[in-house]
Amino acid sequence: MESSPEQITILTLFLQADPVVKGVMLVLAVASIWSWAIAVDKWLQFGDLETHARRFEREFWSGRSMDEMDDRGGERPRDALARVFAAAAREFREARRAGLSADTAQMMLERVDRLMQAQVSRELQRASRNLGVLATVGASAPFIGLFGTVWGIMNAFTNIAQQQQTNLAVVAPGIAEALFATALGLVAAIPAVIFYNKFTGDLDRFGDRLDTFSDEVAARLSRRLSERG
């Protein structure tokens with residue numbers, strides 16, 4: 001009675017692969033899991049940033065005074081817009097204690113603008129953390145997979161030469177192992193590229209929002225100083 005041919009599965013492809021190809025597969029699997037973990041984290045992070053930004057903007061334009069908004073921010077504000085506002089509010093509070101004149105008011109507004117821009121840069125750095133991992137996985141995973149494929153095909157042809165057989169049953173497992181490495185590279189790279197492009201767009205929009213908000217804070221401070229004058 002003839003035995004049925006061994007079924008080729010993902011597990012058998014991995015177990016029968018050359019040690020180098022196994023290493024490539026493991027690297028790609030870890031890279032894929034890592035990129036998905038980062039993607040989930042960034043998705044939640046940008047969702048929180050959007051929610052907190054909308055909430056703070058509503059409070060900012062609700063008619064509250066600058067002092068009330070300053071009290072709302074507290075010593076250690078937890079959301080990005082509140083931290084940008086706190087940078088301006090602290091400088092305004094210190095300048096008011098020292099006494100404001102026409103000349104010092106203009107200098108104070110310039111310092112406020114620089115402080116808010118510095119805080120915006122820090123917020124963008126914080127929001128962009130780990131995006132480089134997605135870019136690296138998206139760019140390198142296909143080539144790592146291709147390396148595994150080339151190595152696997154070399155081994156397949158070496159086995160053919162040693163066994164001196166060109167039977168498809170001899171050739172197919174080695175070729176399948178090699179191509180599986182390329183498939184894993186694409187599986188790791190494609191989601192990483194998609195998520196990187198999405199979160200880069202979200203980061204750009206968030207940066208524009210912070211810049212717009214800092215301009216609004218500066219305009220509100222300038223209007224208040226004009227009213228005091």
# chains A, B, ... in the order shown; residues from 1 in each chain; ligands from 1

$ select_by_dssp --residues "stretch 18-132 of chain A" --states "alpha helix (DSSP H)" --output "MDAnalysis selection string"
chainID A and resid 19:60 66:73 80:98 102:127 131:132

$ closest_residue --among "A:Ala219, A:Ala118, A:Leu15, A:Val24" --to "A:Thr149" --atoms "only C-alpha atoms"
A:Val24

$ residues_around --residues "A:Arg114" --least-positions-apart "5" --cutoff "10 Å" --atoms "only C-alpha atoms" --output "list in words"
Ala87, Ala88, Met108, Leu109, Gln119 and Val120 of chain A

$ residues_around --residues "A:Val20" --least-positions-apart "2" --cutoff "12 Å" --atoms "only C-alpha atoms" --output "JSON, numbers by chain"
{"A": [14, 15, 16, 17, 18, 22, 23, 24, 25, 26, 27, 144, 145, 147, 148, 149, 150, 151, 152, 154, 155, 177, 178, 181]}

$ closest_residue --among "A:Trp61, A:Phe195, A:Phe213, A:Phe206" --to "A:Ala37" --atoms "only C-alpha atoms"
A:Phe195

$ residues_around --residues "A:Asp79" --least-positions-apart "4" --cutoff "10 Å" --atoms "only C-alpha atoms" --output "number ranges by chain"
A: 48-53, 55-56, 73, 83-84, 123

$ write_last_selection --atoms "N, CA and C atoms" --output "short mmCIF file (atom, residue, chain, number, x, y, z; two decimals), in the first residue's frame"
data_model
loop_
_atom_site.label_atom_id
_atom_site.label_comp_id
_atom_site.auth_asym_id
_atom_site.auth_seq_id
_atom_site.Cartn_x
_atom_site.Cartn_y
_atom_site.Cartn_z
N ASP A 48 -6.41 59.28 21.50
CA ASP A 48 -6.42 60.07 22.74
C ASP A 48 -6.03 61.53 22.48
N LEU A 49 -5.03 61.74 21.63
CA LEU A 49 -4.62 63.10 21.31
C LEU A 49 -5.76 63.89 20.69
N GLU A 50 -6.49 63.26 19.79
CA GLU A 50 -7.61 63.94 19.14
C GLU A 50 -8.72 64.25 20.14
N THR A 51 -9.03 63.29 21.00
CA THR A 51 -10.09 63.50 21.99
C THR A 51 -9.74 64.63 22.96
N HIS A 52 -8.53 64.60 23.51
CA HIS A 52 -8.11 65.63 24.46
C HIS A 52 -8.00 67.00 23.79
N ALA A 53 -7.55 67.01 22.52
CA ALA A 53 -7.41 68.29 21.83
C ALA A 53 -8.78 68.95 21.62
N ARG A 55 -11.45 68.50 23.40
CA ARG A 55 -11.97 68.91 24.70
C ARG A 55 -11.33 70.21 25.17
N PHE A 56 -10.01 70.31 25.02
CA PHE A 56 -9.34 71.53 25.48
C PHE A 56 -9.70 72.72 24.61
N GLY A 73 -5.23 74.03 33.63
CA GLY A 73 -4.08 73.25 33.18
C GLY A 73 -3.32 72.61 34.31
N ARG A 83 -0.40 71.53 27.53
CA ARG A 83 1.01 71.80 27.79
C ARG A 83 1.50 72.98 26.96
N VAL A 84 1.01 73.09 25.71
CA VAL A 84 1.38 74.26 24.90
C VAL A 84 0.83 75.53 25.54
N GLU A 123 6.08 68.04 21.65
CA GLU A 123 4.87 67.22 21.50
C GLU A 123 4.93 66.37 20.24
#

$ closest_residue --among "A:Arg126, A:Ala172, A:Glu91, A:Gly185" --to "A:Phe143" --atoms "only C-alpha atoms"
A:Gly185

$ residues_around --residues "A:Arg111" --least-positions-apart "5" --cutoff "10 Å" --atoms "only C-alpha atoms" --output "JSON, numbers by chain"
{"A": [88, 91, 92, 105, 106, 116, 117]}

$ write_last_selection --atoms "all heavy atoms" --output "short mmCIF file (atom, residue, chain, number, x, y, z; two decimals), in the first residue's frame"
data_model
loop_
_atom_site.label_atom_id
_atom_site.label_comp_id
_atom_site.auth_asym_id
_atom_site.auth_seq_id
_atom_site.Cartn_x
_atom_site.Cartn_y
_atom_site.Cartn_z
N ALA A 88 2.77 79.10 27.51
CA ALA A 88 2.46 80.51 27.32
C ALA A 88 1.96 81.15 28.61
O ALA A 88 2.34 82.28 28.95
CB ALA A 88 1.42 80.67 26.22
N GLU A 91 4.75 82.04 31.17
CA GLU A 91 5.51 83.23 30.80
C GLU A 91 4.68 84.50 31.01
O GLU A 91 5.18 85.52 31.50
CB GLU A 91 5.96 83.12 29.34
CG GLU A 91 6.74 84.32 28.82
CD GLU A 91 8.03 84.54 29.58
OE1 GLU A 91 8.59 83.55 30.12
OE2 GLU A 91 8.48 85.70 29.66
N PHE A 92 3.39 84.44 30.66
CA PHE A 92 2.52 85.60 30.85
C PHE A 92 2.37 85.93 32.33
O PHE A 92 2.39 87.10 32.73
CB PHE A 92 1.15 85.30 30.23
CG PHE A 92 0.15 86.40 30.45
CD1 PHE A 92 0.25 87.60 29.78
CD2 PHE A 92 -0.91 86.21 31.34
CE1 PHE A 92 -0.67 88.61 29.98
CE2 PHE A 92 -1.84 87.22 31.55
CZ PHE A 92 -1.72 88.42 30.87
N ALA A 105 5.86 94.22 26.94
CA ALA A 105 4.76 93.39 26.46
C ALA A 105 5.11 92.77 25.12
O ALA A 105 4.84 91.58 24.88
CB ALA A 105 3.49 94.23 26.35
N GLN A 106 5.71 93.54 24.22
CA GLN A 106 6.10 93.00 22.92
C GLN A 106 7.17 91.93 23.08
O GLN A 106 7.13 90.88 22.41
CB GLN A 106 6.61 94.13 22.02
CG GLN A 106 6.99 93.70 20.62
CD GLN A 106 5.81 93.09 19.87
OE1 GLN A 106 4.68 93.54 20.02
NE2 GLN A 106 6.08 92.05 19.09
N MET A 116 6.09 78.41 23.00
CA MET A 116 5.05 77.53 22.46
C MET A 116 5.57 76.71 21.30
O MET A 116 5.25 75.52 21.17
CB MET A 116 3.82 78.35 22.05
CG MET A 116 3.00 78.86 23.21
SD MET A 116 1.37 79.49 22.72
CE MET A 116 1.87 80.90 21.72
N GLN A 117 6.39 77.30 20.44
CA GLN A 117 6.96 76.54 19.33
C GLN A 117 7.88 75.44 19.83
O GLN A 117 7.90 74.32 19.27
CB GLN A 117 7.72 77.47 18.38
CG GLN A 117 6.83 78.42 17.60
CD GLN A 117 5.76 77.68 16.81
OE1 GLN A 117 6.06 76.67 16.15
NE2 GLN A 117 4.53 78.16 16.88
#

$ closest_residue --among "A:Val193, A:Val187, A:Ile33, A:Ala156" --to "A:Gly138" --atoms "only C-alpha atoms"
A:Val193

$ closest_residue --among "A:Phe60, A:Trp34, A:Trp43, A:Phe199" --to "A:Ala82" --atoms "only C-alpha atoms"
A:Phe60

$ atom_distance --atom1 "atom CA of A:Leu81" --atom2 "atom CA of A:Ala192"
28.6 Å

$ closest_residue --among "A:Ser128, A:Asn159, A:Gln164, A:Ser62" --to "A:Ile38" --atoms "only C-alpha atoms"
A:Ser128

$ atom_distance --atom1 "atom CA of A:Ala31" --atom2 "atom CA of A:Ala135"
11.4 Å

$ atom_distance --atom1 "atom CA of A:Gly201" --atom2 "atom CA of A:Ala189"
18.4 Å
